[in-house]
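Novice: Before I ask anything, here is the structure I am working with.
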Number of protein chains: 4
Amino acid sequence: MTHSSPFTPAEKSFKARVFQIIFESDTRAGKTFDIVLITMILLSVTCVLLDSVPHLNQRFGTYFGWVEWGFTGLFTLEYLARIWCLAQPRRYIFSFYGVIDFISILPSWLSLLLPGAQTLMVIRIMRVLRLFRILRLMEFVGEGRLLMQALNRSRRKILLFLIAVLSIITVFGSLIYLIEPPEAGFTSIPRALYWAIVTLTTVGYGDIAPITPLGQFISAIMMILGYSILAVPTGVFSAEVIRTIRLDQESEEACPGCGREGHDKDAKYCKSCGTWLDEETEDPREKASDD
Amino acid sequence: MTHSSPFTPAEKSFKARVFQIIFESDTRAGKTFDIVLITMILLSVTCVLLDSVPHLNQRFGTYFGWVEWGFTGLFTLEYLARIWCLAQPRRYIFSFYGVIDFISILPSWLSLLLPGAQTLMVIRIMRVLRLFRILRLMEFVGEGRLLMQALNRSRRKILLFLIAVLSIITVFGSLIYLIEPPEAGFTSIPRALYWAIVTLTTVGYGDIAPITPLGQFISAIMMILGYSILAVPTGVFSAEVIRTIRLDQESEEACPGCGREGHDKDAKYCKSCGTWLDEETEDPREKASDD
Amino acid sequence: MTHSSPFTPAEKSFKARVFQIIFESDTRAGKTFDIVLITMILLSVTCVLLDSVPHLNQRFGTYFGWVEWGFTGLFTLEYLARIWCLAQPRRYIFSFYGVIDFISILPSWLSLLLPGAQTLMVIRIMRVLRLFRILRLMEFVGEGRLLMQALNRSRRKILLFLIAVLSIITVFGSLIYLIEPPEAGFTSIPRALYWAIVTLTTVGYGDIAPITPLGQFISAIMMILGYSILAVPTGVFSAEVIRTIRLDQESEEACPGCGREGHDKDAKYCKSCGTWLDEETEDPREKASDD
Amino acid sequence: MTHSSPFTPAEKSFKARVFQIIFESDTRAGKTFDIVLITMILLSVTCVLLDSVPHLNQRFGTYFGWVEWGFTGLFTLEYLARIWCLAQPRRYIFSFYGVIDFISILPSWLSLLLPGAQTLMVIRIMRVLRLFRILRLMEFVGEGRLLMQALNRSRRKILLFLIAVLSIITVFGSLIYLIEPPEAGFTSIPRALYWAIVTLTTVGYGDIAPITPLGQFISAIMMILGYSILAVPTGVFSAEVIRTIRLDQESEEACPGCGREGHDKDAKYCKSCGTWLDEETEDPREKASDD
């Protein structure tokens with residue numbers, strides 16, 4: 001996020017300052033802005049949540065409405081400031097986070113145009129999507145980046161795992177649909193699939209449960225399967241986190257003297273033969289003995 | 001899957017092309033075929049699922065029937081093409097995936113011969129077994145192969161774990177059967193075992209639950225046990241994924257001196273005969289003795 | 001389990017043969033004996049399980065009785081043979097597995113002495129303890145030994161984890177007991193602790209569940225806690241499995257030439273400098289150049 | 001915890017002995033004191049738990065009261081002894097564990113001042129907070145320290161994970177609130193969030209469960225998500241345990257040349273100045289240049 005801001009010296013002064021505060025987070029003002037923003041997002045989402053509780057809505061409904069308009073005003077100002085201070089605003093507007101930023105102010109303005117209680121409720125609740133704005137800030141944190149990298153590396157393996165799990169769920173769900181009577185709640189295969197997912201993921205609501213001995217036997221197999229194969233995504237992700245941490249720490253260069261690899265990134269001498277590792281500069285020890 | 005197709009040059013042209021498209025996936029046509037096949041499998045299984053929903057079956061039952069026959073026709077053609085283009089079709093027919101391919105077209109043809117609503121339903125639902133055809137394609141993907149290898153390596157350890165888990169379940173299930181009154185749902189040991197599996201795997205339907213203090217105390221022990229020993233398959237599989245990734249990093253080069261394989265990628269000398277492994281550069285030891 | 005059998009040559013022949021078959025499993029007869037024994041244990045436990053199902057007991061009760069006496073006879077013979085073929089039978093009789101072996105035949109003989117339906121049922125079900133005899137055989141398998149080692153190494157850490165978990169459960173359970181009304185099922189702290197264990201281990205029967213908003217809020221915290229700290233035993237055990245596998249494979253010796261460690265146990269030459277690793281014998285290469 | 005006790009020789013004798021017994025655990029008396037203390041804490045908490053069971057309270061209520069006063073007396077004595085034997089008692093009193101120690105005796109004394117059945121019950125139950133005193137002792141155990149270190153290192157990553165999980169829960173909970181009718185139990189967003197947490201953590205009480213097909217479909221997605229992302233904290237913590245164990249294997253010796261610490265245990269040369277680390281043997285490089 002450290003683009004060099006594309007302004008001529010004359011225009012630069014104020015725009016660049018705004019850009020720095022809003023888009024970057026390595027200055028003090030930038031960090032303060034981030035913290036204020038997160039706080040506002042959390043407060044405005046809390047408002048939406050509390051407003052949905054019937055007895056709170058009756059008593060404080062009007063206040064929640066005013067607070068909401070306050071936040072909408074501030075987020076709208078911030079959105080316009082983001083567009084204004086960029087040289088190529090189009091890119092931002094159609095980027096993933098640009099769209100999220102827009103969606104987080106849209107519902108309030110829409111509610112002025114579209115009447116009708118039901119639509120209004122849908123729109124009001126869309127405001128919780130503002131929470132996704134917080135995810136952007138996670139990318140700034142080193143740990144967040146590491147997690148994202150490890151997730152990215154294990155992405156395809158976990159996708160394959162999910163395909164296998166969904167196949168198992170479909171086959172077992174269909175089987176249980178054949179075995180169990182509709183009275184137990186298995187009235188269609190999609191419903192049996194819902195039950196199969198509830199069972200395999202070990203959630204186990206109990207709203208639908210097998211009642212025949214054979215159905216219970218097959219459920220038992222599914223449970224043990226679901227319990228054991230949880231090891232697969234966990235194992236895959238553990239391996240990738242370990243690999244990501246190691247790659248972050250170790251140099252990929254081998255020692256020119258003995259070929260040993262796995263030196264720390266800050267190592268200057270080989271730990272097993274003492275050779276100077278950086279071939280492009282001279283070893284200070286040799287310099288010393290030359291004198 | 002890259003067998004050299006066993007035809008004389010004259011016959012080869014067309015058969016070999018069909019073989020390449022159907023059985024291999026490294027050409028463009030082969031990949032397209034795979035994607036079309038997966039899409040068709042998913043669509044036909046979706047048909048079976050939706051057909052089981054009573055109100056959808058009433059309205060669209062006839063359409064689902066026609067669509068199903070269309071897919072059966074295409075899968076039958078594909079099955080015949082697989083047999084026709086192979087030199088030794090017998091091997092394919094009796095292989096695991098050959099049987100799966102056959103089972104995925106069998107139900108529709110059987111439904112012509114066997115009348116009766118109940119049998120028909122069983123047969124219709126057997127079509128979801130088509131999903132297993134997708135699993136074959138997973139073996140082509142590098143990540144799929146890695147997962148299979150790691151599963152294979154941890155197979156015996158996880159089997160031992162399951163034996164231990166089943167022993168614990170049997171002993172605890174029998175114990176709770178003695179303690180809890182039949183009114184709580186523990187009417188026989190097999191039913192108590194079903195409850196024990198529901199509890200140990202942390203599914204917890206709640207359709208059968210202990211009601212005496214002693215029964216609840218023993219359940220609590222089982223829950224903590226089930227919660228903690230989940231670490232066993234996870235730990236085993238994590239270790240095997242890490243090992244598999246590392247083995248992937250082994251060099252595939254054999255030692256020019258003794259033919260030994262399985263050297264680490266960073267190895268400079270053969271670990272069993274001491275020969276310099278990198279044939280393109282000179283062994284520093286020889287250089288030293290030349291001087 | 002490979003004790004040298006302590007008999008004089010004259011007595012040896014038969015006793016030693018019986019000893020080898022029963023106690024060891026590296027001969028063909030020993031392996032066959034193990035498999036027959038496991039099969040018999042599983043069959044006899046299955047009998048006990050099926051006998052507890054009311055309608056099976058009514059129809060086949062007498063048969064189950066006869067089969068049970070058959071197994072008891074065979075297990076008793078085996079137990080006597082074990083004692084007879086040992087030089088110091090006392091050690092075996094009072095060892096862990098000796099007691100298990102005795103307990104697995106005791107219930108049937110006791111049922112002759114003690115009358116009364118209820119006592120009889122307790123005794124009959126004690127027969128499932130035979131299953132523990134199977135665990136002994138796990139120690140013979142290499143993978144079983146590795147798992148036991150890793151469990152052993154992580155034992156103390158997982159114990160500490162359980163102490164912390166039980167403290168959390170007690171404090172949260174007491175808190176929820178104060179908050180929730182007795183109508184929700186929280187009639188005493190021990191009952192609230194049962195609920196807390198059901199919740200923290202993610203079993204979630206739903207037989208007792210909080211009904212006040214504050215109780216649900218605290219439950220939600222417990223669930224997220226229980227969900228996240230599952231990582232602790234899993235992480236600890238994964239690390240120990242990885243360490244156990246590595247210790248099994250790698251030599252602990254460093255290369256005398258360059259100090260590099262982490263050589264495979266079968267390595268003869270250092271992989272990074274080519275030095276002969278076994279300092280007690282001579283490098284065959286040097287021998288060759290000496291000639 | 002091995003502070004040198006700050007007394008003049010004259011005062012030292014008795015105070016120092018008490019200090020050693022109470023605060024340290026490396027002498028025999030210190031260990032005995034720790035074990036007696038843990039036993040007393042566990043017994044007094046057990047009393048509180050049993051006292052809450054209605055029929056036990058009716059029969060043994062008065063005895064529990066006396067036992068409780070006995071423990072309170074002993075804990076009060078111990079608290080005073082801790083203050084008395086320290087040179088700077090203020091630091092201890094306002095430290096985390098000092099406050100815990102105070103809280104564990106406060107309730108009993110408060111119950112003399114504050115009448116009223118309800119308040120009394122709250123106060124009585126506050127006594128279970130004594131359990132936190134046990135956690136202090138975990139820090140003495142090497143394994144406890146290792147776990148704490150690994151938790152500490154993974155703290156920020158797991159926090160980020162929890163933020164992401166809570167965002168997902170809020171968005172999904174709001175969505176299901178829009179879809180499901182209030183009859184299914186989703187009467188407000190906070191209630192829907194409670195359901196979402198119950199579902200994502202795979203607890204699954206079943207007290208609130210979706211009843212519309214669309215709601216069940218979205219729940220199914222949440223379950224699979226919750227089932228899969230459990231891999232994240234587990235993977236992070238596994239990696240940190242492995243790293244912590246490995247760091248434990250780092251040499252504690254500083255380089256004699258530049259003072260740098262944190263060398264691997266197998267390092268022969270300092271990685272930042274190339275000095276030979278093993279002062280008891282000679283550097284092979286020097287040997288070579290001597291010849």
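Chain identifiers are assigned as A, B, and so on, following the order in which chains appear in the structure tokens; residues are numbered from 1 within each chain, and ligands are numbered from 1 in order of appearance.
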Once chain B sits on chain C after a least-squares Cα superposition, all atoms in order, what's the RMSD?
Specialist: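 Computed value for the CA RMSD is 3.9 Å.
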Novice: Taking only C-alpha atoms into account, produce a table as JSON lines in which each residue of chain B with an atom at most 7 Å from an atom of chain C appears once, together with its shortest atom pair and the distance in Å to one decimal, ordered by chain and rising number.
Specialist:
```
{"residue": "B:Lys157", "atom": "CA", "partner": "C:Glu143", "partner_atom": "CA", "distance": 5.7}
{"residue": "B:Leu160", "atom": "CA", "partner": "C:Gly144", "partner_atom": "CA", "distance": 6.8}
{"residue": "B:Ser167", "atom": "CA", "partner": "C:Leu131", "partner_atom": "CA", "distance": 6.1}
{"residue": "B:Val171", "atom": "CA", "partner": "C:Val128", "partner_atom": "CA", "distance": 6.2}
{"residue": "B:Ser174", "atom": "CA", "partner": "C:Ile125", "partner_atom": "CA", "distance": 6.6}
{"residue": "B:Leu178", "atom": "CA", "partner": "C:Val122", "partner_atom": "CA", "distance": 6.8}
{"residue": "B:Ser188", "atom": "CA", "partner": "C:Val53", "partner_atom": "CA", "distance": 4.8}
{"residue": "B:Ile189", "atom": "CA", "partner": "C:Leu49", "partner_atom": "CA", "distance": 5.5}
{"residue": "B:Pro190", "atom": "CA", "partner": "C:Leu49", "partner_atom": "CA", "distance": 6.2}
{"residue": "B:Thr199", "atom": "CA", "partner": "C:Val203", "partner_atom": "CA", "distance": 6.5}
{"residue": "B:Thr202", "atom": "CA", "partner": "C:Val203", "partner_atom": "CA", "distance": 4.0}
{"residue": "B:Val203", "atom": "CA", "partner": "C:Val203", "partner_atom": "CA", "distance": 5.4}
{"residue": "B:Gly204", "atom": "CA", "partner": "C:Tyr205", "partner_atom": "CA", "distance": 4.7}
{"residue": "B:Tyr205", "atom": "CA", "partner": "C:Tyr205", "partner_atom": "CA", "distance": 5.5}
{"residue": "B:Gly206", "atom": "CA", "partner": "C:Tyr205", "partner_atom": "CA", "distance": 4.1}
{"residue": "B:Gln216", "atom": "CA", "partner": "C:Tyr194", "partner_atom": "CA", "distance": 6.8}
{"residue": "B:Ala220", "atom": "CA", "partner": "C:Ile197", "partner_atom": "CA", "distance": 6.3}
{"residue": "B:Met223", "atom": "CA", "partner": "C:Thr201", "partner_atom": "CA", "distance": 6.3}
{"residue": "B:Ile224", "atom": "CA", "partner": "C:Thr201", "partner_atom": "CA", "distance": 6.5}
{"residue": "B:Tyr227", "atom": "CA", "partner": "C:Thr201", "partner_atom": "CA", "distance": 5.7}
{"residue": "B:Ser228", "atom": "CA", "partner": "C:Pro233", "partner_atom": "CA", "distance": 6.3}
{"residue": "B:Ala231", "atom": "CA", "partner": "C:Thr234", "partner_atom": "CA", "distance": 4.1}
{"residue": "B:Val232", "atom": "CA", "partner": "C:Phe237", "partner_atom": "CA", "distance": 6.8}
{"residue": "B:Thr234", "atom": "CA", "partner": "C:Thr234", "partner_atom": "CA", "distance": 6.6}
{"residue": "B:Gly235", "atom": "CA", "partner": "C:Ser238", "partner_atom": "CA", "distance": 3.7}
{"residue": "B:Val236", "atom": "CA", "partner": "C:Val241", "partner_atom": "CA", "distance": 6.4}
{"residue": "B:Ser238", "atom": "CA", "partner": "C:Ser238", "partner_atom": "CA", "distance": 6.4}
{"residue": "B:Ala239", "atom": "CA", "partner": "C:Ile242", "partner_atom": "CA", "distance": 5.1}
{"residue": "B:Ala267", "atom": "CA", "partner": "C:Lys271", "partner_atom": "CA", "distance": 4.8}
{"residue": "B:Lys268", "atom": "CA", "partner": "C:Ser272", "partner_atom": "CA", "distance": 5.0}
{"residue": "B:Tyr269", "atom": "CA", "partner": "C:Lys271", "partner_atom": "CA", "distance": 4.7}
{"residue": "B:Cys270", "atom": "CA", "partner": "C:Lys271", "partner_atom": "CA", "distance": 6.1}
{"residue": "B:Lys271", "atom": "CA", "partner": "C:Tyr269", "partner_atom": "CA", "distance": 4.6}
{"residue": "B:Ser272", "atom": "CA", "partner": "C:Lys268", "partner_atom": "CA", "distance": 4.9}
{"residue": "B:Cys273", "atom": "CA", "partner": "C:Tyr269", "partner_atom": "CA", "distance": 6.6}
{"residue": "B:Gly274", "atom": "CA", "partner": "C:Gly274", "partner_atom": "CA", "distance": 5.1}
```
Novice: Residues near range 75-82 of chain B, anyone? I mean within 10 Å using only C-alpha atoms, not counting same-chain ones fewer than 6 positions away, as number ranges by chain.
Specialist: B: 15, 18-19, 22-23, 37, 40-41, 69, 89, 92-93, 98, 101-102, 104-106, 109
Novice: Residues as selected, C-alpha atoms, written as a PDB file, in the first residue's frame, can you do that?
Specialist:
```
ATOM      1  CA  LYS B  15      -8.329 -45.406 -31.654  1.00  0.00           C
ATOM      2  CA  VAL B  18      -9.881 -41.573 -28.613  1.00  0.00           C
ATOM      3  CA  PHE B  19      -7.654 -43.263 -26.031  1.00  0.00           C
ATOM      4  CA  ILE B  22     -10.602 -40.346 -22.715  1.00  0.00           C
ATOM      5  CA  PHE B  23      -7.781 -41.736 -20.614  1.00  0.00           C
ATOM      6  CA  LEU B  37     -17.423 -35.325 -17.915  1.00  0.00           C
ATOM      7  CA  MET B  40     -22.206 -34.084 -16.662  1.00  0.00           C
ATOM      8  CA  ILE B  41     -21.671 -36.207 -13.545  1.00  0.00           C
ATOM      9  CA  TRP B  69     -32.059 -41.010 -19.977  1.00  0.00           C
ATOM     10  CA  PRO B  89     -10.305 -54.070 -22.164  1.00  0.00           C
ATOM     11  CA  TYR B  92     -10.175 -51.996 -17.361  1.00  0.00           C
ATOM     12  CA  ILE B  93     -13.581 -53.683 -16.956  1.00  0.00           C
ATOM     13  CA  GLY B  98     -14.055 -49.819 -14.485  1.00  0.00           C
ATOM     14  CA  ASP B 101     -18.078 -46.673 -14.455  1.00  0.00           C
ATOM     15  CA  PHE B 102     -20.292 -49.722 -15.055  1.00  0.00           C
ATOM     16  CA  SER B 104     -22.982 -45.598 -12.838  1.00  0.00           C
ATOM     17  CA  ILE B 105     -24.914 -46.697 -15.953  1.00  0.00           C
ATOM     18  CA  LEU B 106     -26.347 -49.978 -14.643  1.00  0.00           C
ATOM     19  CA  TRP B 109     -30.908 -50.005 -17.677  1.00  0.00           C
TER      20      TRP B 109
END
```
Novice: Which residue gives the smallest distance to Leu137 in chain C among C:Tyr97, C:Glu282, C:Trp66, C:Leu86, with only C-alpha atoms counted?
Specialist: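 Closest to Leu137 in chain C, using only C-alpha atoms: C:Tyr97.
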Novice: Rounded to one decimal place, report the CA of Gln88 in chain D-CA of Ala16 in chain D distance in Å.
Specialist: 13.6 Å
Novice: One decimal, in Å: what's the spacing between CA of Ser111 in chain B and CA of Thr72 in chain B?
Specialist: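 It comes out at 11.8 Å.
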Novice: Please compute the CA of Phe64 in chain B-CA of Cys47 in chain B distance, one decimal, in Å.
Specialist: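 If I compute the distance from CA of Phe64 in chain B to CA of Cys47 in chain B, I get 6.3 Å.
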Novice: Please provide the set of residues having any atom within 7 Å of Ile21 in chain B, restricted to only C-alpha atoms, with same-chain residues fewer than 4 positions apart removed, written as a list in words.
Specialist: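 My list of contacting residues is Arg17, Ala29, Gly30 and Phe33 of chain B.
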Novice: Restricted to N, CA, C and O atoms, what would the selected residues look like written as a PDB file, in the first residue's frame?
Specialist:
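File produced: result_10.pdb:
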```pdb
ATOM      1  N   ARG B  17      -6.272 -41.714 -30.805  1.00  0.00           N
ATOM      2  CA  ARG B  17      -6.774 -40.357 -30.518  1.00  0.00           C
ATOM      3  C   ARG B  17      -7.859 -40.433 -29.431  1.00  0.00           C
ATOM      4  O   ARG B  17      -7.844 -39.667 -28.468  1.00  0.00           O
ATOM      5  N   ALA B  29      -7.544 -31.482 -25.620  1.00  0.00           N
ATOM      6  CA  ALA B  29      -8.800 -32.215 -25.819  1.00  0.00           C
ATOM      7  C   ALA B  29      -9.089 -33.079 -24.589  1.00  0.00           C
ATOM      8  O   ALA B  29     -10.231 -33.189 -24.144  1.00  0.00           O
ATOM      9  N   GLY B  30      -8.029 -33.674 -24.024  1.00  0.00           N
ATOM     10  CA  GLY B  30      -8.202 -34.529 -22.833  1.00  0.00           C
ATOM     11  C   GLY B  30      -8.738 -33.735 -21.664  1.00  0.00           C
ATOM     12  O   GLY B  30      -9.637 -34.184 -20.948  1.00  0.00           O
ATOM     13  N   PHE B  33     -12.365 -32.854 -22.257  1.00  0.00           N
ATOM     14  CA  PHE B  33     -13.183 -34.052 -22.011  1.00  0.00           C
ATOM     15  C   PHE B  33     -13.413 -34.225 -20.508  1.00  0.00           C
ATOM     16  O   PHE B  33     -14.546 -34.474 -20.076  1.00  0.00           O
TER      17      PHE B  33
END
```
Novice: Using DSSP secondary structure from the backbone, list all helix (DSSP H, G or I) positions within range 28-239 of chain D, as a PyMOL selection string.
Specialist: chain D and resi 28-51+54-85+89-93+96-103+106-113+117-138+142-179+182-184+189-200+213-229+231-239
